[in-house]
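Peer 1: Below is the file protein-v4.cif, which contains mmCIF, C-alpha atoms and all ligand atoms.
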data_data
loop_
_atom_site.label_atom_id
_atom_site.label_comp_id
_atom_site.auth_asym_id
_atom_site.auth_seq_id
_atom_site.Cartn_x
_atom_site.Cartn_y
_atom_site.Cartn_z
CA MET A 1 1.45 27.65 -0.96
CA GLY A 2 4.28 25.28 -1.67
CA VAL A 3 6.92 25.37 -4.37
CA TYR A 4 4.89 23.12 -6.64
CA GLU A 5 1.62 25.01 -6.12
CA ASP A 6 3.46 28.23 -6.97
CA LEU A 7 4.11 26.67 -10.35
CA GLY A 8 0.56 25.46 -10.73
CA VAL A 9 1.50 21.81 -10.28
CA SER A 10 -0.22 19.77 -7.57
CA PRO A 11 1.69 17.18 -5.54
CA ILE A 12 0.13 13.73 -5.78
CA ILE A 13 -0.17 10.80 -3.42
CA ASN A 14 2.30 8.36 -4.92
CA VAL A 15 1.65 4.77 -3.96
CA SER A 16 3.49 3.24 -6.89
CA GLY A 17 6.91 3.41 -5.26
CA SER A 18 10.13 4.94 -6.55
CA VAL A 19 9.04 5.12 -10.18
CA THR A 20 10.92 7.68 -12.24
CA ARG A 21 7.79 9.04 -13.91
CA LEU A 22 6.48 10.27 -10.56
CA GLY A 23 9.71 11.56 -9.05
CA GLY A 24 11.66 8.61 -7.69
CA ALA A 25 12.13 7.80 -4.02
CA PRO A 26 11.71 10.32 -1.19
CA LEU A 27 15.06 11.76 -0.14
CA THR A 28 15.75 10.99 3.54
CA ALA A 29 16.20 13.80 6.09
CA ARG A 30 19.90 12.93 6.32
CA GLY A 31 20.27 12.90 2.54
CA LEU A 32 18.46 16.21 2.24
CA ALA A 33 20.65 17.85 4.91
CA ALA A 34 23.76 16.62 3.12
CA PHE A 35 22.40 17.91 -0.20
CA CYS A 36 21.84 21.41 1.24
CA GLU A 37 25.23 21.52 2.95
CA ALA A 38 27.05 20.35 -0.18
CA ALA A 39 25.27 22.86 -2.40
CA VAL A 40 26.85 25.95 -0.83
CA ASP A 41 30.55 25.02 -1.18
CA CYS A 42 32.61 24.18 -4.23
CA VAL A 43 34.94 21.23 -4.70
CA PRO A 44 36.72 19.80 -7.75
CA LEU A 45 34.29 17.26 -9.13
CA ASP A 46 37.00 14.75 -10.05
CA GLN A 47 38.25 14.75 -6.45
CA LEU A 48 34.70 14.26 -5.21
CA GLN A 49 34.21 11.36 -7.61
CA GLY A 50 37.49 9.91 -6.31
CA ALA A 51 36.06 9.97 -2.79
CA ALA A 52 32.83 8.47 -4.12
CA SER A 53 34.88 5.73 -5.73
CA ARG A 54 36.51 4.87 -2.40
CA LYS A 55 33.17 4.67 -0.62
CA ILE A 56 31.43 2.72 -3.39
CA ALA A 57 34.37 0.33 -3.57
CA ALA A 58 34.21 -0.25 0.19
CA LEU A 59 30.45 -0.91 0.13
CA THR A 60 30.30 -3.03 -3.04
CA GLY A 61 33.61 -4.84 -3.05
CA ALA A 62 34.33 -3.42 -6.52
CA GLU A 63 37.72 -1.92 -7.46
CA ALA A 64 36.17 1.47 -8.22
CA GLY A 65 32.87 3.30 -8.49
CA LEU A 66 31.36 6.38 -10.09
CA VAL A 67 28.21 8.34 -9.26
CA THR A 68 26.25 8.75 -12.48
CA SER A 69 23.05 10.55 -13.38
CA GLY A 70 21.03 7.34 -13.00
CA ALA A 71 21.44 3.67 -13.79
CA ALA A 72 20.57 4.34 -17.44
CA ALA A 73 23.49 6.79 -17.67
CA ALA A 74 25.66 4.18 -15.94
CA LEU A 75 24.78 1.76 -18.72
CA THR A 76 25.70 4.29 -21.43
CA LEU A 77 28.97 5.11 -19.65
CA GLY A 78 29.75 1.45 -18.97
CA ALA A 79 29.27 0.63 -22.64
CA ALA A 80 31.31 3.70 -23.66
CA ALA A 81 34.12 2.58 -21.36
CA ILE A 82 34.19 -0.89 -22.86
CA LEU A 83 34.10 0.51 -26.40
CA ALA A 84 36.77 3.18 -25.95
CA GLY A 85 38.98 1.97 -23.08
CA HIS A 86 41.69 4.58 -22.61
CA ASP A 87 41.89 5.43 -26.33
CA LEU A 88 41.41 9.21 -26.56
CA GLY A 89 40.53 9.07 -30.25
CA ARG A 90 37.78 6.56 -29.63
CA MET A 91 36.39 8.59 -26.74
CA GLU A 92 36.18 11.54 -29.10
CA ARG A 93 34.41 9.53 -31.79
CA LEU A 94 31.65 7.85 -29.75
CA PRO A 95 28.85 7.09 -30.51
CA ASP A 96 30.43 6.56 -33.93
CA THR A 97 31.82 3.04 -33.61
CA ALA A 98 32.38 2.25 -37.28
CA GLY A 99 35.35 -0.10 -37.58
CA MET A 100 35.53 -0.82 -33.84
CA ARG A 101 34.59 -3.98 -32.03
CA ARG A 102 31.13 -2.82 -30.97
CA GLU A 103 28.85 -5.80 -30.51
CA PHE A 104 27.32 -6.64 -27.13
CA ILE A 105 25.74 -10.07 -26.82
CA ILE A 106 22.44 -10.20 -24.91
CA ALA A 107 19.87 -12.93 -24.25
CA ARG A 108 16.92 -12.12 -26.52
CA GLU A 109 14.53 -12.42 -23.56
CA GLN A 110 16.47 -9.71 -21.67
CA ARG A 111 15.94 -7.02 -24.30
CA ASN A 112 14.11 -4.08 -22.71
CA GLY A 113 13.59 -0.35 -23.01
CA TYR A 114 16.69 0.48 -20.98
CA ASP A 115 19.06 -1.18 -23.45
CA HIS A 116 18.61 1.98 -25.54
CA ALA A 117 21.08 3.45 -23.03
CA VAL A 118 23.70 0.91 -24.12
CA ARG A 119 23.00 1.46 -27.82
CA ALA A 120 23.32 5.21 -27.22
CA ALA A 121 27.07 4.75 -26.70
CA GLY A 122 27.36 3.23 -30.19
CA ALA A 123 27.04 -0.42 -29.18
CA VAL A 124 25.18 -2.83 -31.43
CA LEU A 125 23.18 -5.50 -29.62
CA ILE A 126 23.38 -9.08 -30.84
CA GLU A 127 20.47 -11.16 -29.55
CA ALA A 128 20.88 -14.80 -28.68
CA GLY A 129 18.70 -17.66 -27.46
CA PHE A 130 14.99 -18.31 -27.14
CA HIS A 131 12.47 -18.20 -24.31
CA GLU A 132 10.34 -21.10 -25.43
CA LEU A 133 8.15 -21.03 -22.32
CA VAL A 134 6.81 -17.62 -23.31
CA ALA A 135 6.34 -18.77 -26.88
CA GLY A 136 4.50 -21.85 -25.61
CA ALA A 137 6.76 -23.81 -27.92
CA GLY A 138 9.08 -25.62 -25.54
CA VAL A 139 10.42 -25.90 -22.03
CA ARG A 140 13.75 -24.04 -22.13
CA ARG A 141 14.96 -20.46 -21.90
CA CYS A 142 18.18 -18.83 -23.12
CA GLU A 143 21.21 -21.03 -22.38
CA ALA A 144 24.83 -20.01 -21.89
CA TRP A 145 26.04 -21.85 -25.00
CA GLU A 146 23.73 -19.68 -27.10
CA LEU A 147 25.43 -16.51 -25.84
CA GLU A 148 28.80 -18.15 -26.48
CA ALA A 149 27.84 -19.16 -30.01
CA ALA A 150 27.00 -15.52 -30.81
CA ILE A 151 30.53 -14.33 -30.00
CA GLY A 152 32.51 -13.25 -33.05
CA PRO A 153 35.33 -10.94 -34.17
CA GLY A 154 33.15 -7.86 -33.60
CA THR A 155 32.18 -8.73 -30.02
CA ALA A 156 33.06 -6.04 -27.49
CA GLY A 157 31.26 -7.39 -24.42
CA ILE A 158 28.26 -9.13 -22.91
CA LEU A 159 25.21 -7.29 -21.55
CA TYR A 160 23.20 -8.97 -18.79
CA VAL A 161 20.02 -7.77 -17.10
CA HIS A 162 20.07 -9.06 -13.53
CA ASP A 163 16.98 -10.73 -12.13
CA LEU A 164 16.41 -13.34 -9.45
CA HIS A 165 14.93 -15.63 -12.09
CA GLY A 166 17.21 -14.50 -14.93
CA ARG A 167 18.44 -17.01 -17.51
CA PRO A 168 21.13 -18.01 -18.11
CA PRO A 169 22.19 -17.72 -14.44
CA LEU A 170 24.76 -14.95 -13.86
CA ALA A 171 27.48 -17.46 -12.89
CA GLU A 172 27.24 -19.19 -16.28
CA VAL A 173 27.42 -15.88 -18.14
CA VAL A 174 30.49 -14.88 -16.07
CA ASP A 175 32.05 -18.14 -17.10
CA VAL A 176 31.48 -17.45 -20.81
CA ALA A 177 32.80 -13.89 -20.44
CA ARG A 178 35.94 -15.07 -18.64
CA ARG A 179 36.73 -17.80 -21.14
CA HIS A 180 36.52 -15.34 -24.02
CA ASN A 181 38.17 -12.50 -22.13
CA LEU A 182 35.13 -10.27 -22.66
CA PRO A 183 33.86 -7.64 -20.20
CA LEU A 184 30.44 -8.29 -18.66
CA LEU A 185 28.18 -5.26 -18.11
CA VAL A 186 25.25 -5.89 -15.75
CA ASP A 187 22.09 -3.83 -15.43
CA ALA A 188 21.13 -4.24 -11.77
CA ALA A 189 19.18 -0.98 -11.56
CA GLY A 190 16.20 -2.44 -9.77
CA GLU A 191 17.93 -5.31 -7.96
CA LEU A 192 18.10 -3.67 -4.52
CA PRO A 193 16.90 -4.93 -2.14
CA PRO A 194 18.07 -7.50 -1.23
CA ARG A 195 20.92 -5.49 0.26
CA GLU A 196 23.33 -8.38 -0.42
CA ASN A 197 23.15 -7.63 -4.14
CA LEU A 198 25.25 -4.54 -3.51
CA ARG A 199 28.17 -6.97 -3.17
CA ALA A 200 26.92 -10.24 -4.62
CA ILE A 201 26.82 -9.22 -8.29
CA VAL A 202 30.37 -7.86 -8.24
CA ALA A 203 31.50 -10.89 -6.23
CA ALA A 204 29.93 -13.20 -8.81
CA GLY A 205 32.32 -11.78 -11.41
CA ALA A 206 30.49 -8.95 -13.19
CA ASP A 207 33.03 -6.44 -14.55
CA LEU A 208 30.71 -3.43 -14.46
CA VAL A 209 27.43 -3.10 -12.56
CA ALA A 210 24.81 -0.34 -12.84
CA PHE A 211 22.60 0.45 -9.85
CA SER A 212 19.90 3.08 -9.57
CA GLY A 213 20.46 5.70 -6.85
CA GLY A 214 16.89 6.99 -6.82
CA LYS A 215 15.13 3.71 -6.14
CA ALA A 216 15.71 1.59 -3.01
CA ILE A 217 18.89 3.46 -2.06
CA ARG A 218 16.70 6.59 -1.72
CA GLY A 219 19.29 8.99 -3.04
CA PRO A 220 18.45 11.95 -5.30
CA GLN A 221 16.20 10.87 -8.16
CA ALA A 222 18.74 11.57 -10.90
CA THR A 223 21.60 9.50 -9.47
CA GLY A 224 23.00 6.07 -10.12
CA ILE A 225 26.16 4.05 -9.58
CA LEU A 226 28.56 2.40 -11.98
CA CYS A 227 30.97 0.12 -10.16
CA GLY A 228 33.44 -2.55 -11.15
CA ARG A 229 36.92 -2.77 -12.60
CA ARG A 230 39.00 0.39 -12.25
CA GLU A 231 40.09 0.21 -15.87
CA TRP A 232 36.54 0.72 -17.16
CA VAL A 233 35.14 2.81 -14.32
CA GLY A 234 38.10 5.15 -14.92
CA SER A 235 37.32 5.35 -18.63
CA ALA A 236 33.68 6.07 -17.78
CA ALA A 237 34.78 8.88 -15.43
CA LEU A 238 36.94 10.38 -18.17
CA GLN A 239 34.00 10.33 -20.55
CA MET A 240 31.61 11.95 -18.07
CA LEU A 241 33.64 14.54 -16.17
CA ASP A 242 34.17 18.04 -17.54
CA MET A 243 37.60 18.07 -19.21
CA ASP A 244 38.18 21.80 -19.55
CA ASP A 245 41.64 21.97 -17.94
CA HIS A 246 45.36 21.94 -18.84
CA PHE A 247 46.84 18.46 -18.95
CA GLU A 248 49.91 19.61 -17.01
CA LEU A 249 47.79 21.12 -14.22
CA TRP A 250 45.24 18.30 -14.03
CA GLU A 251 45.63 16.00 -11.03
CA PRO A 252 42.90 13.37 -11.17
CA PRO A 253 42.39 11.04 -8.18
CA LEU A 254 44.44 7.91 -8.70
CA GLU A 255 41.77 5.57 -7.33
CA LEU A 256 39.67 6.51 -10.33
CA ILE A 257 41.89 7.75 -13.15
CA ASP A 258 45.44 6.68 -13.91
CA LYS A 259 46.89 9.77 -15.61
CA THR A 260 50.05 7.93 -16.63
CA ARG A 261 48.00 5.91 -19.10
CA LEU A 262 46.90 9.01 -21.00
CA ARG A 263 48.77 10.90 -23.70
CA GLY A 264 46.66 13.97 -23.12
CA LEU A 265 43.40 15.26 -21.77
CA PRO A 266 40.34 13.96 -23.60
CA ARG A 267 37.77 16.42 -24.94
CA HIS A 268 34.32 16.33 -23.33
CA GLY A 269 33.07 12.79 -23.79
CA ILE A 270 29.77 11.17 -24.56
CA GLY A 271 28.80 11.38 -20.89
CA ARG A 272 29.34 15.12 -20.55
CA SER A 273 25.60 15.54 -21.09
CA MET A 274 24.95 13.20 -18.14
CA LYS A 275 26.67 15.32 -15.52
CA VAL A 276 26.01 14.87 -11.81
CA SER A 277 26.15 17.78 -9.38
CA LYS A 278 28.26 17.92 -6.23
CA GLU A 279 25.18 17.96 -4.00
CA GLN A 280 23.70 14.96 -5.81
CA ILE A 281 26.92 13.01 -5.33
CA VAL A 282 27.14 13.82 -1.61
CA ALA A 283 23.47 13.05 -0.92
CA LEU A 284 23.69 9.77 -2.81
CA LEU A 285 26.72 8.69 -0.76
CA VAL A 286 24.91 9.47 2.50
CA ALA A 287 21.87 7.51 1.32
CA LEU A 288 24.08 4.65 0.19
CA ASP A 289 25.65 4.49 3.65
CA ASP A 290 22.22 4.28 5.26
CA PHE A 291 20.96 1.71 2.79
CA ALA A 292 24.05 -0.47 3.24
CA ALA A 293 23.85 -0.22 7.04
CA GLY A 294 20.24 -1.41 7.03
CA VAL A 295 18.85 1.86 8.41
CA TYR A 296 15.77 1.61 6.17
CA ASP A 297 14.76 -1.69 7.75
CA ARG A 298 13.26 0.37 10.57
CA ASP A 299 10.63 1.67 8.18
CA LEU A 300 9.32 -1.75 7.23
CA PRO A 301 7.01 -2.30 10.22
CA VAL A 302 5.68 1.24 9.81
CA PHE A 303 4.87 0.55 6.14
CA ASP A 304 3.29 -2.74 7.15
CA GLY A 305 1.06 -0.87 9.61
CA TYR A 306 -0.06 1.57 6.91
CA LEU A 307 -1.02 -1.25 4.58
CA ARG A 308 -2.98 -3.03 7.33
CA GLU A 309 -4.88 0.18 7.98
CA ILE A 310 -5.77 0.43 4.29
CA GLU A 311 -6.80 -3.22 4.16
CA ALA A 312 -9.06 -2.79 7.17
CA ALA A 313 -10.63 0.36 5.73
CA LEU A 314 -11.63 -1.47 2.54
CA ARG A 315 -13.46 -4.29 4.33
CA GLU A 316 -16.85 -3.14 3.01
CA SER A 317 -15.62 -2.44 -0.53
CA PRO A 318 -16.05 -4.92 -3.42
CA VAL A 319 -12.38 -5.88 -3.29
CA GLU A 320 -10.12 -8.57 -1.92
CA CYS A 321 -6.70 -7.66 -0.53
CA HIS A 322 -3.60 -9.75 -1.12
CA TRP A 323 -0.04 -9.58 0.23
CA PRO A 324 2.41 -10.57 -2.50
CA ALA A 325 5.83 -11.99 -1.61
CA VAL A 326 8.64 -9.40 -1.73
CA ALA A 327 12.45 -9.67 -1.68
CA ALA A 328 14.14 -10.02 1.73
CA GLY A 329 14.30 -6.55 3.27
CA GLY A 330 11.89 -5.30 0.61
CA VAL A 331 9.06 -2.86 1.19
CA PRO A 332 5.77 -4.76 1.81
CA LEU A 333 3.09 -4.39 -0.86
CA LEU A 334 -0.68 -4.60 -0.83
CA GLU A 335 -2.65 -5.71 -3.85
CA ILE A 336 -6.28 -4.68 -4.12
CA ALA A 337 -8.13 -7.11 -6.38
CA ILE A 338 -11.27 -5.39 -7.66
CA ASP A 339 -14.51 -7.25 -8.23
CA GLU A 340 -15.29 -5.32 -11.41
CA ARG A 341 -18.80 -6.74 -11.75
CA ARG A 342 -19.86 -5.75 -8.24
CA LEU A 343 -18.19 -2.39 -8.53
CA GLY A 344 -19.64 -1.71 -11.95
CA ARG A 345 -16.44 -0.34 -13.47
CA HIS A 346 -13.13 -1.58 -14.74
CA ALA A 347 -9.87 -1.33 -12.83
CA VAL A 348 -8.50 1.01 -15.51
CA GLU A 349 -11.39 3.39 -14.88
CA VAL A 350 -10.74 3.23 -11.12
CA CYS A 351 -7.13 4.08 -11.81
CA ARG A 352 -8.13 7.00 -14.03
CA ARG A 353 -10.54 8.38 -11.41
CA LEU A 354 -7.93 8.06 -8.68
CA ARG A 355 -5.49 10.06 -10.81
CA ARG A 356 -8.02 12.72 -11.77
CA GLY A 357 -9.47 13.37 -8.29
CA HIS A 358 -8.09 15.52 -5.49
CA PRO A 359 -5.61 14.81 -4.14
CA SER A 360 -4.55 12.86 -7.19
CA VAL A 361 -3.59 9.28 -6.36
CA HIS A 362 -1.21 7.21 -8.50
CA VAL A 363 -1.36 3.52 -7.64
CA GLY A 364 0.91 0.78 -8.96
CA HIS A 365 -0.51 -0.22 -12.37
CA GLY A 366 1.57 -3.30 -13.15
CA LYS A 367 -1.34 -5.68 -12.56
CA LEU A 368 -4.24 -3.72 -14.02
CA GLN A 369 -4.89 -6.50 -16.53
CA GLU A 370 -5.70 -8.74 -13.55
CA ALA A 371 -7.92 -5.96 -12.14
CA ARG A 372 -5.47 -5.38 -9.29
CA LEU A 373 -4.18 -2.10 -7.90
CA VAL A 374 -0.80 -2.35 -6.21
CA ILE A 375 -0.13 -0.15 -3.18
CA HIS A 376 3.56 0.60 -2.58
CA PRO A 377 3.94 2.47 0.74
CA LEU A 378 7.39 4.06 0.23
CA HIS A 379 5.98 7.61 0.04
CA LEU A 380 3.25 7.19 2.66
CA THR A 381 3.00 9.16 5.89
CA ALA A 382 0.22 8.96 8.49
CA ASP A 383 -1.50 12.02 6.94
CA ARG A 384 -1.31 10.63 3.44
CA VAL A 385 -2.69 7.27 4.55
CA ALA A 386 -5.84 9.01 5.81
CA GLN A 387 -6.25 10.91 2.53
CA LEU A 388 -5.52 7.80 0.49
CA ILE A 389 -8.13 5.74 2.36
CA GLU A 390 -10.75 8.41 1.71
CA ARG A 391 -9.97 8.45 -2.00
CA LEU A 392 -9.84 4.67 -2.32
CA ARG A 393 -13.17 4.21 -0.55
CA ALA A 394 -14.81 6.80 -2.75
CA GLU A 395 -13.59 5.31 -6.03
CA LEU A 396 -14.18 1.73 -4.90
CA SER A 397 -17.80 2.20 -3.90
CA PRO A 398 -20.48 1.12 -6.39
CA ASN A 399 -22.77 3.91 -7.62
C1 LIG B 1 14.96 1.76 -13.29
C2 LIG B 1 15.75 0.92 -14.22
C3 LIG B 1 16.76 1.48 -15.03
C4 LIG B 1 17.04 2.96 -15.06
O1 LIG B 1 17.45 3.47 -13.84
P1 LIG B 1 17.58 5.05 -13.62
O2 LIG B 1 18.32 5.18 -12.35
O3 LIG B 1 16.18 5.57 -13.57
O4 LIG B 1 18.31 5.60 -14.79
C5 LIG B 1 17.49 0.64 -15.84
N1 LIG B 1 17.26 -0.69 -15.87
C6 LIG B 1 16.30 -1.28 -15.11
C7 LIG B 1 16.11 -2.76 -15.19
C8 LIG B 1 15.51 -0.49 -14.26
O5 LIG B 1 14.57 -1.06 -13.50
#
Could you write out this structure as structure tokens?
Ligand SMILES: *Cc1c(COP(=O)(O)O)cnc(C)c1O
Peer 2:
Amino acid sequence: MGVYEDLGVSPIINVSGSVTRLGGAPLTARGLAAFCEAAVDCVPLDQLQGAASRKIAALTGAEAGLVTSGAAAALTLGAAAILAGHDLGRMERLPDTAGMRREFIIAREQRNGYDHAVRAAGAVLIEAGFHELVAGAGVRRCEAWELEAAIGPGTAGILYVHDLHGRPPLAEVVDVARRHNLPLLVDAAGELPPRENLRAIVAAGADLVAFSGGKAIRGPQATGILCGRREWVGSAALQMLDMDDHFELWEPPLELIDKTRLRGLPRHGIGRSMKVSKEQIVALLVALDDFAAGVYDRDLPVFDGYLREIEAALRESPVECHWPAVAAGGVPLLEIAIDERRLGRHAVEVCRRLRRGHPSVHVGHGKLQEARLVIHPLHLTADRVAQLIERLRAELSPN
């Protein structure tokens, strides 16, 4: 019996990738070893975050970096940093932002469920622009002048959700932010790979960038990175770290926190409930090293082989397999387009049966409306491929 079975919970075959709902990415052997080693010793967490800042800065080109409890927490902390700066009174008040400059401008088309994390700090989102292509009412999407026109006396910053096809382009939003001397907070949680984005978004001029640690980086599930200007990363660190110390004894790492700017030690901040453990920090940094060095590229041909095996095994099934384009250095994907008429059941029902059977299989469900199952091989091993093929063939055979 395994640890999950002891609890009456059965491990699944996860072929939907690093999704949070199913447990994130698999921790690498090196990450796991680092996690175990780090767990048995104690270190001051601010010193450890100082070391993390040095490593993140070296790998991203940012001035400073902080390991957070996920990209969503990085967004809350980034917003809190912009709202409070180094003002101890403001740190204490958040998320109460009454009377402060608290508005973040965002393209209306970029609104999404994760911007709750920014609002959680006390920010108020001001939407700008239209996506007329989606509305079927025109040919243009949000333009930089629309963000600029939304800037007013209450504006605290600009929030941008990074995407290869994002509008306005990042460079134009950086330009608006610079001209109005406003900080730009970028959600780049899912923008790795390509590996270049680790540096490119900071290099393009973003002031604060949030990355997920439990997705492509393959760190512990509940980790993320906030990197960017020291001024704000330092404020974020102050609002996350445990502050139960004496000001005169406290020696924070200079690369992260400039003590001379503070009149005293803040109380626990808004991010105290988003704490990250020493072993999570260490394992994330090891994973980040591997990700940045391209170590995971070795897995790509193995994943490709798994998907080809699955494709071949479904030759007789009423399906057609497709290979969608993925980002450079991205994990290959296989889409299984179901002929619902020949099969005699809908894709949603196939999905339900795959989940309910044994072992339970969770496929990517982003294209169910097109009757497609998406197979993401990140969690696959040779053993699991064999089990997966058996389950897929069973649920994809007409009866
Ligand atoms: C996954 C994701 C997040 C949240 O990341 P966590 O590390 O799970 O907190 C935020 N924004 C976007 C766009 C994401 O894809």
Peer 1: Residues proximal to (17.1, -2.8, -19.2) were defined as those with any atom within 12 Å of that point in the file's coordinates, counting all atoms listed in the file. Which are they, as an MDAnalysis selection string?
Peer 2: chainID A and resid 71:76 106:119 159:163 185:191 210:212
Peer 1: Residues within 10 Å of A:Leu392, please, as number ranges by chain. Count all atoms listed in the file; anything in the same chain fewer than 4 positions from it doesn't count.
Peer 2: A: 310, 313-314, 317, 350-351, 353-354, 361, 387-388, 396-397
Peer 1: Which polymer residues have any atom within 8 Å of an atom of stretch 256-262 of chain A, counting only C-alpha atoms, with same-chain residues fewer than 4 positions away left out, as a list in words?
Peer 2: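 Listing them by chain and then by number gives Gln49, Gly50, Ser53, Ala64, Gly65, His86, Leu88, Arg230, Val233, Gly234, Ser235, Ala237, Leu238, Glu251 and Pro252 of chain A.
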Peer 1: Could you tell me, as a VMD selection string, which residues have any atom at most 8 Å from (17.8, 5.7, 5.2), counting all atoms listed in the file?
Peer 2: chain A and resid 28 30 217 to 218 287 290 to 291 294 to 296
Peer 1: One number please: atom CA of A:Ala312 to atom CA of A:His365, in Å, one decimal.
Peer 2: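 Those two atoms sit 21.5 Å apart.
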Peer 1: Would you please work out which residue, of A:Leu184, A:Ala216, A:Gly2, A:Val348, is nearest to ligand LIG 1 (chain B) when using all atoms listed in the file?
Peer 2: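 That would be A:Ala216, the residue with the smallest distance to ligand LIG 1 (chain B).
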Peer 1: At what distance in Å, to one decimal, does atom CA of A:Val319 lie from atom CA of A:Leu343?
Peer 2: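 Value for the atom CA of A:Leu343-atom CA of A:Val319 distance: 8.6 Å.
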Peer 1: Using all atoms listed in the file, which protein or nucleic acid residues come within 9 Å of A:Ile338? Drop anything in the same chain fewer than 4 positions from it, and give the result as number ranges by chain.
Peer 2: A: 317-321, 342-343, 346-347, 370-373, 396
Peer 1: If we count all atoms listed in the file and set the cut-off at 12 Å, which residues sit around A:Pro332, ignoring sequence neighbours fewer than 6 positions away in its own chain? Please answer as a VMD selection string.
Peer 2: chain A and resid 15 17 193 297 299 to 308 322 to 326 374 to 378
Peer 1: Find the spatial neighbours of A:Leu198, counting only C-alpha atoms, within a cut-off of 8 Å - ignore same-chain residues fewer than 2 positions away - and output them as a list in words.
Peer 2: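 My list of contacting residues is Leu59, Thr60, Leu192, Arg195, Glu196, Ala200, Ile201, Val202 and Ala292 of chain A.
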Peer 1: Tell me which of A:Thr68, A:Val209, A:Ala156, A:Gly224 sits closest to A:Gly99, counting all atoms listed in the file.
Peer 2: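 Of the candidates, the smallest distance to A:Gly99 is held by A:Ala156.
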Peer 1: Hey, can you check how far atom CA of A:Val331 sits from atom CA of A:Val9?
Peer 2: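 Separating atom CA of A:Val331 from atom CA of A:Val9 is a distance of 28.2 Å.
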